[in-house]
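Below is final-v1.cif, holding mmCIF, C-alpha atoms.
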```cif
data_input
loop_
_atom_site.label_atom_id
_atom_site.label_comp_id
_atom_site.auth_asym_id
_atom_site.auth_seq_id
_atom_site.Cartn_x
_atom_site.Cartn_y
_atom_site.Cartn_z
CA MET A 219 70.79 -144.11 95.05
CA VAL A 220 70.36 -141.93 91.99
CA PHE A 221 66.68 -142.90 91.79
CA ILE A 222 66.06 -141.89 95.41
CA ASN A 223 67.72 -138.52 94.94
CA ARG A 224 65.60 -137.81 91.88
CA GLY A 225 62.48 -138.77 93.81
CA LEU A 226 63.35 -136.44 96.66
CA PHE A 227 64.12 -133.66 94.19
CA TYR A 228 60.73 -133.91 92.56
CA ALA A 229 58.94 -134.10 95.91
CA LYS A 230 60.64 -130.90 96.98
CA LYS A 231 59.77 -129.25 93.70
CA ILE A 232 56.07 -130.11 94.01
CA GLU A 233 55.95 -128.76 97.58
CA SER A 234 57.50 -125.49 96.43
CA ILE A 235 54.70 -125.12 93.87
CA GLU A 236 51.88 -125.98 96.30
CA LYS A 237 52.95 -123.59 99.03
CA PRO A 238 52.56 -120.38 96.97
CA MET A 239 49.24 -121.73 95.66
CA ARG A 240 47.97 -122.22 99.21
CA ASN A 241 49.06 -118.68 100.04
CA PHE A 242 47.29 -117.40 96.92
CA LEU A 243 44.03 -119.11 97.90
CA ARG A 244 44.32 -117.80 101.42
CA LYS A 245 44.70 -114.26 100.09
CA GLY A 246 41.85 -114.58 97.62
CA PHE A 247 39.83 -111.85 99.32
CA VAL A 248 41.46 -108.48 100.00
CA ASP A 249 39.62 -105.93 102.14
CA HIS A 250 42.60 -103.80 103.20
CA LEU A 251 45.31 -102.19 101.11
CA ARG A 252 48.14 -99.85 102.10
CA ILE A 253 49.58 -97.67 99.35
CA THR A 254 52.08 -94.82 99.09
CA VAL A 255 51.19 -92.10 96.60
CA LYS A 256 52.90 -88.93 95.48
CA ALA A 257 51.21 -85.94 93.91
CA GLY A 258 53.00 -84.02 91.15
CA HIS A 259 55.27 -81.11 92.04
CA GLY A 260 54.52 -77.64 90.74
CA GLY A 261 56.37 -76.17 87.78
CA SER A 262 58.75 -73.24 88.22
CA GLY A 263 57.59 -69.71 87.53
CA LEU A 264 59.41 -67.18 85.34
CA PRO A 265 60.54 -64.19 87.46
CA LYS A 266 61.48 -62.03 84.47
CA TYR A 267 57.90 -61.87 83.14
CA GLY A 268 56.00 -62.86 86.26
CA GLY A 269 55.10 -66.22 84.73
CA LYS A 270 53.36 -68.85 86.84
CA GLY A 271 54.28 -72.55 86.83
CA GLY A 272 51.65 -75.23 86.38
CA ARG A 273 50.19 -76.95 89.41
CA GLY A 274 51.21 -80.57 90.01
CA GLY A 275 48.62 -83.27 89.45
CA HIS A 276 46.46 -84.47 92.35
CA VAL A 277 45.97 -88.13 93.31
CA TYR A 278 42.40 -89.43 93.50
CA ILE A 279 40.70 -92.71 94.21
CA GLN A 280 37.61 -93.36 92.11
CA GLY A 281 34.78 -95.76 92.88
CA SER A 282 33.91 -98.56 90.47
CA ASP A 283 31.30 -101.32 90.64
CA TYR A 284 33.55 -103.62 88.62
CA TYR A 285 36.70 -103.48 90.72
CA THR A 286 37.93 -105.37 93.77
CA LEU A 287 40.77 -104.32 96.05
CA LYS A 288 42.68 -107.34 94.77
CA ALA A 289 42.37 -105.97 91.22
CA THR A 290 43.51 -102.57 92.47
CA GLU A 291 46.49 -104.17 94.20
CA ARG A 292 47.44 -106.06 91.06
CA LEU A 293 47.39 -102.89 88.94
CA ILE A 294 49.28 -100.61 91.29
CA ASN A 295 52.07 -103.14 91.80
CA ALA A 296 52.96 -102.70 88.15
CA LYS A 297 53.55 -98.93 88.23
CA LYS A 298 54.58 -95.98 90.38
CA LEU A 299 51.72 -94.17 92.05
CA GLN A 300 52.79 -90.69 91.10
CA ALA A 301 50.88 -87.88 89.42
CA GLU A 302 52.51 -85.82 86.69
CA PRO A 303 54.34 -82.57 87.54
CA GLY A 304 53.20 -79.19 86.29
CA THR A 305 55.22 -77.64 83.48
CA ASN A 306 57.50 -74.66 83.96
CA SER A 307 56.60 -71.17 82.89
CA SER A 308 58.50 -69.96 79.84
CA ALA A 309 58.70 -67.01 77.49
CA HIS A 310 56.48 -68.93 75.06
CA GLY A 311 53.96 -69.91 77.70
CA LEU A 312 53.84 -67.72 80.80
CA ILE A 313 51.32 -69.98 82.51
CA GLY A 314 52.54 -73.55 82.86
CA THR A 315 50.30 -76.51 82.13
CA VAL A 316 48.67 -78.31 85.06
CA GLY A 317 50.07 -81.82 85.62
CA LYS A 318 47.83 -84.78 84.84
CA ASP A 319 46.02 -86.18 87.85
CA LEU A 320 46.52 -89.79 88.91
CA ILE A 321 43.23 -91.68 89.31
CA ILE A 322 43.28 -95.03 91.12
CA LYS A 323 40.18 -97.15 90.66
CA VAL A 324 38.85 -98.89 93.76
CA PRO A 325 35.63 -100.79 94.58
CA THR A 326 32.72 -98.86 96.03
CA GLY A 327 32.60 -99.04 99.81
CA VAL A 328 36.23 -98.02 100.39
CA VAL A 329 37.21 -95.80 103.33
CA ALA A 330 40.57 -94.00 103.08
CA TYR A 331 42.54 -93.00 106.16
CA ASP A 332 46.14 -92.08 106.94
CA ASP A 333 48.65 -93.83 109.19
CA ASN A 334 47.41 -91.80 112.16
CA GLY A 335 43.96 -93.30 111.77
CA ILE A 336 42.43 -90.02 110.58
CA THR A 337 39.70 -90.64 108.02
CA ILE A 338 40.21 -88.80 104.74
CA GLY A 339 36.90 -89.79 103.21
CA GLU A 340 34.81 -92.53 101.60
CA VAL A 341 33.96 -93.67 98.08
CA ASN A 342 30.47 -95.19 98.12
CA THR A 343 29.19 -94.76 94.57
CA ALA A 344 30.52 -95.53 91.11
CA MET A 345 32.55 -92.69 89.51
CA SER A 346 32.70 -90.68 92.75
CA GLN A 347 36.20 -89.40 93.50
CA LEU A 348 38.16 -88.63 96.65
CA LYS A 349 41.38 -86.61 96.65
CA ILE A 350 44.03 -88.36 98.73
CA ALA A 351 47.12 -86.28 97.82
CA GLU A 352 47.39 -82.60 96.84
CA GLY A 353 49.46 -81.49 93.89
CA GLY A 354 52.20 -78.93 94.50
CA LEU A 355 51.49 -75.25 93.84
CA GLY A 356 53.06 -73.83 90.70
CA GLY A 357 55.87 -71.27 91.12
CA CYS A 358 54.62 -67.69 91.43
CA LYS A 359 55.46 -64.43 93.16
CA GLU A 360 54.19 -65.72 96.52
CA THR A 361 56.51 -68.76 96.34
CA ASN A 362 59.45 -66.80 94.95
CA PHE A 363 58.64 -68.49 91.62
CA CYS A 364 59.67 -71.90 92.96
CA GLY A 365 57.28 -74.80 92.40
CA ARG A 366 56.14 -76.54 95.56
CA LYS A 367 56.53 -80.27 96.10
CA GLY A 368 53.51 -82.48 95.70
CA GLN A 369 52.11 -84.20 98.77
CA MET A 370 53.48 -87.68 99.48
CA ARG A 371 51.25 -89.84 101.67
CA THR A 372 50.78 -93.39 102.83
CA ILE A 373 47.11 -94.21 102.59
CA ASN A 374 45.14 -97.15 104.00
CA LEU A 375 42.19 -98.31 101.91
CA ASP A 376 39.66 -100.24 103.94
CA LEU A 377 36.83 -102.00 102.14
CA LYS A 378 33.45 -102.33 103.81
CA LEU A 379 31.12 -104.46 101.74
CA ILE A 380 27.86 -102.86 100.69
CA SER A 381 25.03 -105.36 100.85
CA ASP A 382 21.31 -105.21 101.60
CA ILE A 383 21.58 -107.94 104.23
CA ALA A 384 24.50 -109.04 106.42
CA VAL A 385 24.35 -112.62 107.73
CA VAL A 386 25.90 -113.04 111.18
CA GLY A 387 26.22 -116.03 113.47
CA PHE A 388 28.57 -118.41 115.22
CA PRO A 389 30.58 -120.98 113.24
CA ASN A 390 28.64 -123.92 111.79
CA ALA A 391 25.25 -122.27 112.34
CA GLY A 392 24.34 -122.66 108.66
CA LYS A 393 25.19 -119.25 107.19
CA SER A 394 26.93 -120.59 104.09
CA THR A 395 24.19 -123.19 103.58
CA LEU A 396 21.67 -120.34 103.68
CA LEU A 397 23.57 -118.33 101.08
CA LYS A 398 23.84 -121.36 98.82
CA ALA A 399 20.11 -122.07 99.16
CA ILE A 400 18.81 -118.59 98.37
CA SER A 401 21.33 -117.40 95.78
CA ARG A 402 23.68 -118.62 93.07
CA ALA A 403 26.72 -118.16 95.28
CA SER A 404 28.81 -121.28 95.91
CA PRO A 405 30.41 -120.88 99.33
CA ARG A 406 32.25 -123.78 100.92
CA VAL A 407 29.87 -125.83 103.08
CA ALA A 408 30.85 -128.58 105.54
CA GLU A 409 29.81 -130.09 108.87
CA TYR A 410 32.56 -128.37 110.83
CA PRO A 411 33.25 -124.78 111.95
CA PHE A 412 35.19 -122.09 110.08
CA THR A 413 34.54 -123.30 106.52
CA THR A 414 33.98 -119.62 105.66
CA VAL A 415 37.26 -117.73 106.00
CA ARG A 416 36.35 -114.69 103.93
CA PRO A 417 33.07 -112.85 103.19
CA ASN A 418 30.86 -114.17 100.39
CA ILE A 419 28.29 -112.13 98.50
CA GLY A 420 25.19 -113.74 97.02
CA ILE A 421 22.28 -112.23 95.11
CA MET A 422 18.68 -113.27 95.69
CA GLU A 423 16.76 -112.98 92.43
CA PHE A 424 12.98 -112.82 92.08
CA THR A 425 10.57 -113.25 89.18
CA ASP A 426 9.72 -109.52 89.23
CA LEU A 427 13.46 -108.81 88.58
CA ARG A 428 14.06 -107.62 92.13
CA LYS A 429 17.59 -108.36 93.35
CA ILE A 430 18.76 -108.37 96.98
CA THR A 431 22.43 -108.73 97.91
CA VAL A 432 23.29 -110.91 100.89
CA GLY A 433 26.70 -110.91 102.59
CA ASP A 434 27.80 -114.05 104.45
CA LEU A 435 30.48 -113.22 107.02
CA PRO A 436 32.88 -115.68 108.68
CA GLY A 437 31.57 -117.03 111.99
CA LEU A 438 32.03 -114.91 115.09
CA ILE A 439 33.23 -116.25 118.44
CA GLU A 440 33.34 -114.78 121.93
CA GLY A 441 35.79 -111.89 121.98
CA ALA A 442 35.29 -111.03 118.30
CA HIS A 443 35.13 -107.32 119.16
CA GLN A 444 38.67 -107.66 120.57
CA ASN A 445 39.83 -109.27 117.32
CA VAL A 446 39.64 -112.81 118.69
CA GLY A 447 39.37 -115.21 115.76
CA MET A 448 38.50 -113.31 112.58
CA GLY A 449 35.80 -111.20 114.21
CA TYR A 450 37.05 -107.61 114.18
CA LYS A 451 38.43 -108.01 110.66
CA PHE A 452 34.97 -108.82 109.30
CA LEU A 453 32.57 -107.09 111.72
CA LYS A 454 33.18 -103.89 109.75
CA HIS A 455 31.35 -105.40 106.78
CA ILE A 456 27.97 -105.23 108.53
CA GLU A 457 28.11 -101.44 108.85
CA ARG A 458 26.91 -100.75 105.30
CA SER A 459 24.00 -103.19 105.35
CA LYS A 460 20.32 -102.33 105.62
CA MET A 461 19.42 -105.33 107.77
CA LEU A 462 21.12 -107.94 109.97
CA LEU A 463 20.16 -111.57 109.52
CA PHE A 464 21.03 -113.64 112.60
CA VAL A 465 21.45 -117.37 111.99
CA VAL A 466 21.62 -119.57 115.09
CA ASP A 467 21.69 -123.31 115.74
CA ILE A 468 18.75 -124.49 117.86
CA GLN A 469 21.20 -126.87 119.59
CA GLY A 470 23.51 -124.02 120.60
CA PHE A 471 27.25 -123.83 120.01
CA GLN A 472 30.52 -124.96 121.55
CA LEU A 473 33.73 -124.11 119.72
CA SER A 474 35.78 -126.85 121.44
CA PRO A 475 35.83 -128.84 124.71
CA LYS A 476 37.95 -126.03 126.18
CA HIS A 477 35.18 -123.50 125.58
CA ILE A 478 31.86 -123.02 127.37
CA TYR A 479 28.78 -124.53 125.74
CA ARG A 480 26.17 -121.89 124.89
CA ASN A 481 22.56 -122.79 124.21
CA CYS A 482 20.54 -121.22 121.40
CA LEU A 483 19.32 -118.31 123.52
CA GLU A 484 22.80 -117.56 124.84
CA THR A 485 24.25 -117.49 121.32
CA ILE A 486 21.72 -114.81 120.37
CA VAL A 487 22.64 -112.75 123.42
CA LEU A 488 26.35 -113.22 122.72
CA LEU A 489 26.03 -112.13 119.10
CA ASN A 490 24.13 -109.11 120.35
CA LYS A 491 26.92 -108.37 122.85
CA GLU A 492 29.77 -108.73 120.34
CA ILE A 493 28.10 -106.41 117.83
CA GLU A 494 27.32 -103.87 120.54
CA LEU A 495 30.92 -103.85 121.82
CA TYR A 496 32.23 -103.39 118.29
CA LYS A 497 29.88 -100.51 117.49
CA PRO A 498 26.83 -99.73 119.69
CA ASP A 499 24.90 -98.03 116.87
CA LEU A 500 24.61 -101.31 114.98
CA ILE A 501 22.21 -102.66 117.61
CA ASP A 502 19.59 -100.23 116.31
CA MET A 503 19.70 -101.79 112.84
CA PRO A 504 16.63 -103.76 111.73
CA ALA A 505 17.15 -107.49 112.20
CA MET A 506 15.65 -110.88 111.41
CA LEU A 507 16.33 -114.18 113.17
CA LEU A 508 16.62 -117.60 111.51
CA ILE A 509 16.64 -120.56 113.89
CA ASN A 510 18.28 -123.40 112.00
CA LYS A 511 18.57 -127.20 112.28
CA MET A 512 14.98 -127.77 113.36
CA ASP A 513 15.27 -131.39 112.22
CA THR A 514 17.61 -132.24 115.12
CA PRO A 515 16.47 -134.05 118.32
CA ASP A 516 14.31 -132.05 120.76
CA ALA A 517 14.46 -129.00 118.46
CA ASN A 518 10.75 -128.14 118.79
CA ASP A 519 10.78 -128.53 122.57
CA ASN A 520 13.82 -126.26 122.82
CA LEU A 521 12.16 -123.67 120.60
CA LYS A 522 9.00 -123.65 122.74
CA SER A 523 11.04 -122.87 125.84
CA PHE A 524 13.27 -120.25 124.14
CA LEU A 525 10.77 -118.42 121.92
CA PRO A 526 8.99 -116.32 124.61
CA LYS A 527 12.37 -115.04 125.82
CA ILE A 528 13.63 -114.36 122.30
CA GLU A 529 10.53 -112.29 121.53
CA ASP A 530 11.08 -110.14 124.64
CA LEU A 531 14.81 -110.46 125.18
CA LYS A 532 15.24 -107.28 127.19
CA LYS A 533 12.84 -108.51 129.86
CA TYR A 534 14.95 -111.63 130.51
CA LEU A 535 18.45 -110.12 130.29
CA HIS A 536 18.93 -110.39 134.06
CA GLU A 537 18.94 -114.21 133.73
CA PHE A 538 22.20 -114.20 131.74
CA PRO A 539 25.75 -113.94 133.16
CA GLU A 540 26.94 -110.36 133.41
CA GLU A 541 29.93 -110.95 131.09
CA ILE A 542 27.66 -111.75 128.12
CA ARG A 543 24.82 -109.37 128.96
CA PRO A 544 24.44 -106.46 126.48
CA GLU A 545 23.15 -103.05 127.48
CA ASN A 546 20.71 -102.91 124.57
CA VAL A 547 19.10 -105.68 122.56
CA VAL A 548 18.36 -106.22 118.91
CA LYS A 549 14.67 -106.01 117.99
CA PHE A 550 13.79 -108.80 115.58
CA LEU A 551 11.21 -107.86 112.98
CA ASP A 552 10.71 -111.53 112.17
CA ILE A 553 11.66 -114.90 113.68
CA TYR A 554 11.63 -117.90 111.37
CA LYS A 555 12.48 -121.54 112.03
CA VAL A 556 14.12 -123.49 109.22
CA THR A 557 16.05 -126.62 108.29
CA MET A 558 18.38 -125.30 105.63
CA LEU A 559 19.99 -128.61 104.75
CA ASN A 560 18.21 -130.35 101.85
CA MET A 561 15.52 -127.68 101.43
CA THR A 562 13.00 -128.17 98.64
CA TYR A 563 12.50 -125.54 95.94
CA ASP A 564 9.24 -124.34 97.54
CA GLU A 565 10.87 -124.05 100.95
CA LYS A 566 13.70 -121.95 99.47
CA GLU A 567 11.20 -119.66 97.75
CA LEU A 568 9.25 -119.22 100.98
CA LEU A 569 12.43 -118.38 102.84
CA LYS A 570 13.38 -115.83 100.17
CA PHE A 571 9.91 -114.29 100.41
CA ARG A 572 10.17 -114.06 104.19
CA ILE A 573 13.57 -112.35 104.02
CA ARG A 574 12.41 -109.97 101.30
CA ASN A 575 9.25 -109.12 103.22
CA THR A 576 11.26 -108.29 106.34
CA LEU A 577 13.72 -106.15 104.36
CA ASP A 578 10.81 -104.24 102.83
CA LYS A 579 9.49 -103.56 106.31
CA CYS A 580 12.83 -101.89 107.09
CA THR A 581 12.49 -99.74 103.99
CA SER A 582 8.92 -98.90 104.95
CA ILE A 583 10.05 -97.65 108.35
CA GLU A 584 12.67 -95.43 106.71
CA GLU A 585 10.16 -94.12 104.17
CA PHE A 586 7.67 -93.46 106.98
CA ASN A 587 9.86 -90.64 108.23
CA LYS A 588 10.42 -89.24 104.73
CA ILE A 589 7.06 -89.33 102.98
CA GLY A 590 4.51 -89.58 105.81
CA ALA A 591 2.28 -92.30 107.18
CA GLU A 592 -0.37 -92.90 104.50
CA PRO A 593 1.72 -94.36 101.64
CA VAL A 594 3.64 -96.53 104.10
CA LEU A 595 0.49 -97.86 105.74
CA GLN A 596 -0.86 -98.80 102.32
CA LEU A 597 2.38 -100.68 101.60
CA ILE A 598 2.18 -102.53 104.91
CA GLU A 599 -1.44 -103.53 104.26
CA ARG A 600 -0.47 -104.86 100.84
CA MET A 601 2.34 -106.90 102.39
CA LYS A 602 -0.09 -108.33 104.96
CA LYS A 603 -2.39 -109.51 102.16
CA ASP A 604 0.54 -111.15 100.37
CA THR A 605 1.56 -112.88 103.57
CA LYS A 606 -1.98 -114.23 104.16
CA LYS A 607 -1.92 -115.99 100.80
CA ILE A 608 0.87 -118.28 101.96
CA ALA A 609 0.16 -118.08 105.71
CA PRO A 610 -0.54 -121.83 106.08
CA LEU A 611 2.97 -122.55 104.82
CA LEU A 612 4.74 -120.03 107.05
CA VAL A 613 5.75 -120.47 110.67
#
```
Serialized structure, structure tokens:
Amino acid sequence: MVFINRGLFYAKKIESIEKPMRNFLRKGFVDHLRITVKAGHGGSGLPKYGGKGGRGGHVYIQGSDYYTLKATERLINAKKLQAEPGTNSSAHGLIGTVGKDLIIKVPTGVVAYDDNGITIGEVNTAMSQLKIAEGGLGGCKETNFCGRKGQMRTINLDLKLISDIAVVGFPNAGKSTLLKAISRASPRVAEYPFTTVRPNIGIMEFTDLRKITVGDLPGLIEGAHQNVGMGYKFLKHIERSKMLLFVVDIQGFQLSPKHIYRNCLETIVLLNKEIELYKPDLIDMPAMLLINKMDTPDANDNLKSFLPKIEDLKKYLHEFPEEIRPENVVKFLDIYKVTMLNMTYDEKELLKFRIRNTLDKCTSIEEFNKIGAEPVLQLIERMKKDTKKIAPLLV
């Protein structure tokens, strides 16, 4: 009996250790943080000599390329988020000293807004600062020489990842496999949906030292714009990207037997619809399409039937059910068929070149409006020559 009790005791003890660990792993990525901050109050003035109290310190958030919101959360839990007060005016110092500001470091890409949903501002570059709480005015004649209280606010910090390319698609389309193939990132990969539960960032590196950041988002499902699944939580991360990279399964997608099966073409239309419903402006972003799993049965026949419609999607929108039909369609700068599982080194390099080439086209279009046609046309011609060198190997 004693042995059994000891066994049960240890089993319970192990479970109590594993549960917090599972929670820790689940919370490994933080893209939202709610904090309460208090600016410093102003120092008192000196009525006898007309002395003015020092202003209370402000509260700022400051962008950093080396911080994550999780690191910010860990640091602020250990101390009060309060700026220093201003000093009082005295006979030895008629003007009080300004209180020291409180600076909270956050990752670049953070948007700050209050509990009413009103946006305060954004921090998009390293060392840039945003004031989120105002220090109290020092005591003076206008305030009857009484220092004013510093502003106390509850602030929401929302992180939107900044990447060159955002990878979007339905679960199990091959997004994580893509990221693993073209970068040094090590996302979880498996033959079942929802292996990605938080965004992953990978970096494509090239021999000319060019680096391109790629963000792999958790798979979307129908209703993502209404926060079904994990959609709305992560759709925000595509807003800061330069290009969308759609990844679709040539065999289509069905989440479960309870859900409707969607073929490859319908998944493209649905992704288009979900992004449009979340934020219509995102449809105008440059985009590239990767059609994956071309080694599966009847893949080439399916592609032959779908490709003309994919290339001119707007023309065929009337063929789709009204509930999944978007008002506007994404214009793909490039469509590429791949089999991302077990790719050779040369195939990975070709895929990286194709993605880079398409991203550069996006940049060329932007530069066209800034610097005029001639330099951009020269760039496009150079890219065409580079493409011809490996044309036999490309789709």
request  = Starting from the shown file, work through the PyMOL selection byres ((chain A and resi 334) around 12) and note down what comes out as a list in words.
outcome  = Ala330, Tyr331, Asp332, Asp333, Gly335, Ile336, Thr337, Ile338, Arg371, Thr372, Ile373 and Asn374 of chain A
Can you write just those residues out, C-alpha atoms, as a compact mmCIF listing (two decimals), in the frame of the given file?
```txt
# COMPACT_ATOMS: atom_id res chain seq x y z
CA ALA A 330 40.57 -94.00 103.08
CA TYR A 331 42.54 -93.00 106.16
CA ASP A 332 46.14 -92.08 106.94
CA ASP A 333 48.65 -93.83 109.19
CA GLY A 335 43.96 -93.30 111.77
CA ILE A 336 42.43 -90.02 110.58
CA THR A 337 39.70 -90.64 108.02
CA ILE A 338 40.21 -88.80 104.74
CA ARG A 371 51.25 -89.84 101.67
CA THR A 372 50.78 -93.39 102.83
CA ILE A 373 47.11 -94.21 102.59
CA ASN A 374 45.14 -97.15 104.00
```
request  = Taking the file above as input, evaluate the PyMOL selection byres ((chain A and resi 281-290) around 8) and report the hits as a PyMOL selection string.
outcome  = chain A and resi 246-251+279-280+291-294+322-328+341-347+377
request  = Go through the shown structure with the PyMOL selection byres ((chain A and resi 573) around 10) and write out the matching residues as a PyMOL selection string.
outcome  = chain A and resi 383+400+422+430+461+463+506-508+552+554+567-572+574-579
inquiry  = What's around region 466-483 of chain A at 10 Å? Count all atoms listed in the file, leave out sequence neighbours fewer than 4 positions away in its own chain, and write the answer as a ChimeraX atom specification.
reply    = /A:386-393,410-412,439-440,487-489,507-518,520-521,523-525,527-528,531,538,555-557
inquiry  = When you count all atoms listed in the file, which of these residues is closest to Asn560 (chain A): A:His310, A:Lys398, A:Arg252, A:Lys349?
reply    =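 So, comparing all the options, the nearest one is A:Lys398.
The gap separating CA of Lys491 (chain A) from CA of Ile456 (chain A) is 14.7 Å, in Å to one decimal.
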Atom pair CA of Tyr534 (chain A) / CA of Asp499 (chain A): separation (Å) = 21.7 Å
note = Here CA of Glu302 (chain A) and CA of Ala257 (chain A) stand apart by 7.3 Å
message = I'd like the contact shell of Glu529 (chain A) - 9 Å cut-off, all atoms listed in the file, skipping same-chain residues fewer than 5 positions apart - returned as a count of residues only.
response = 4
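Closest to Glu484 (chain A) among A:Lys270, A:Arg402, A:Arg543, A:Lys298 is A:Arg543, based on all atoms listed in the file.
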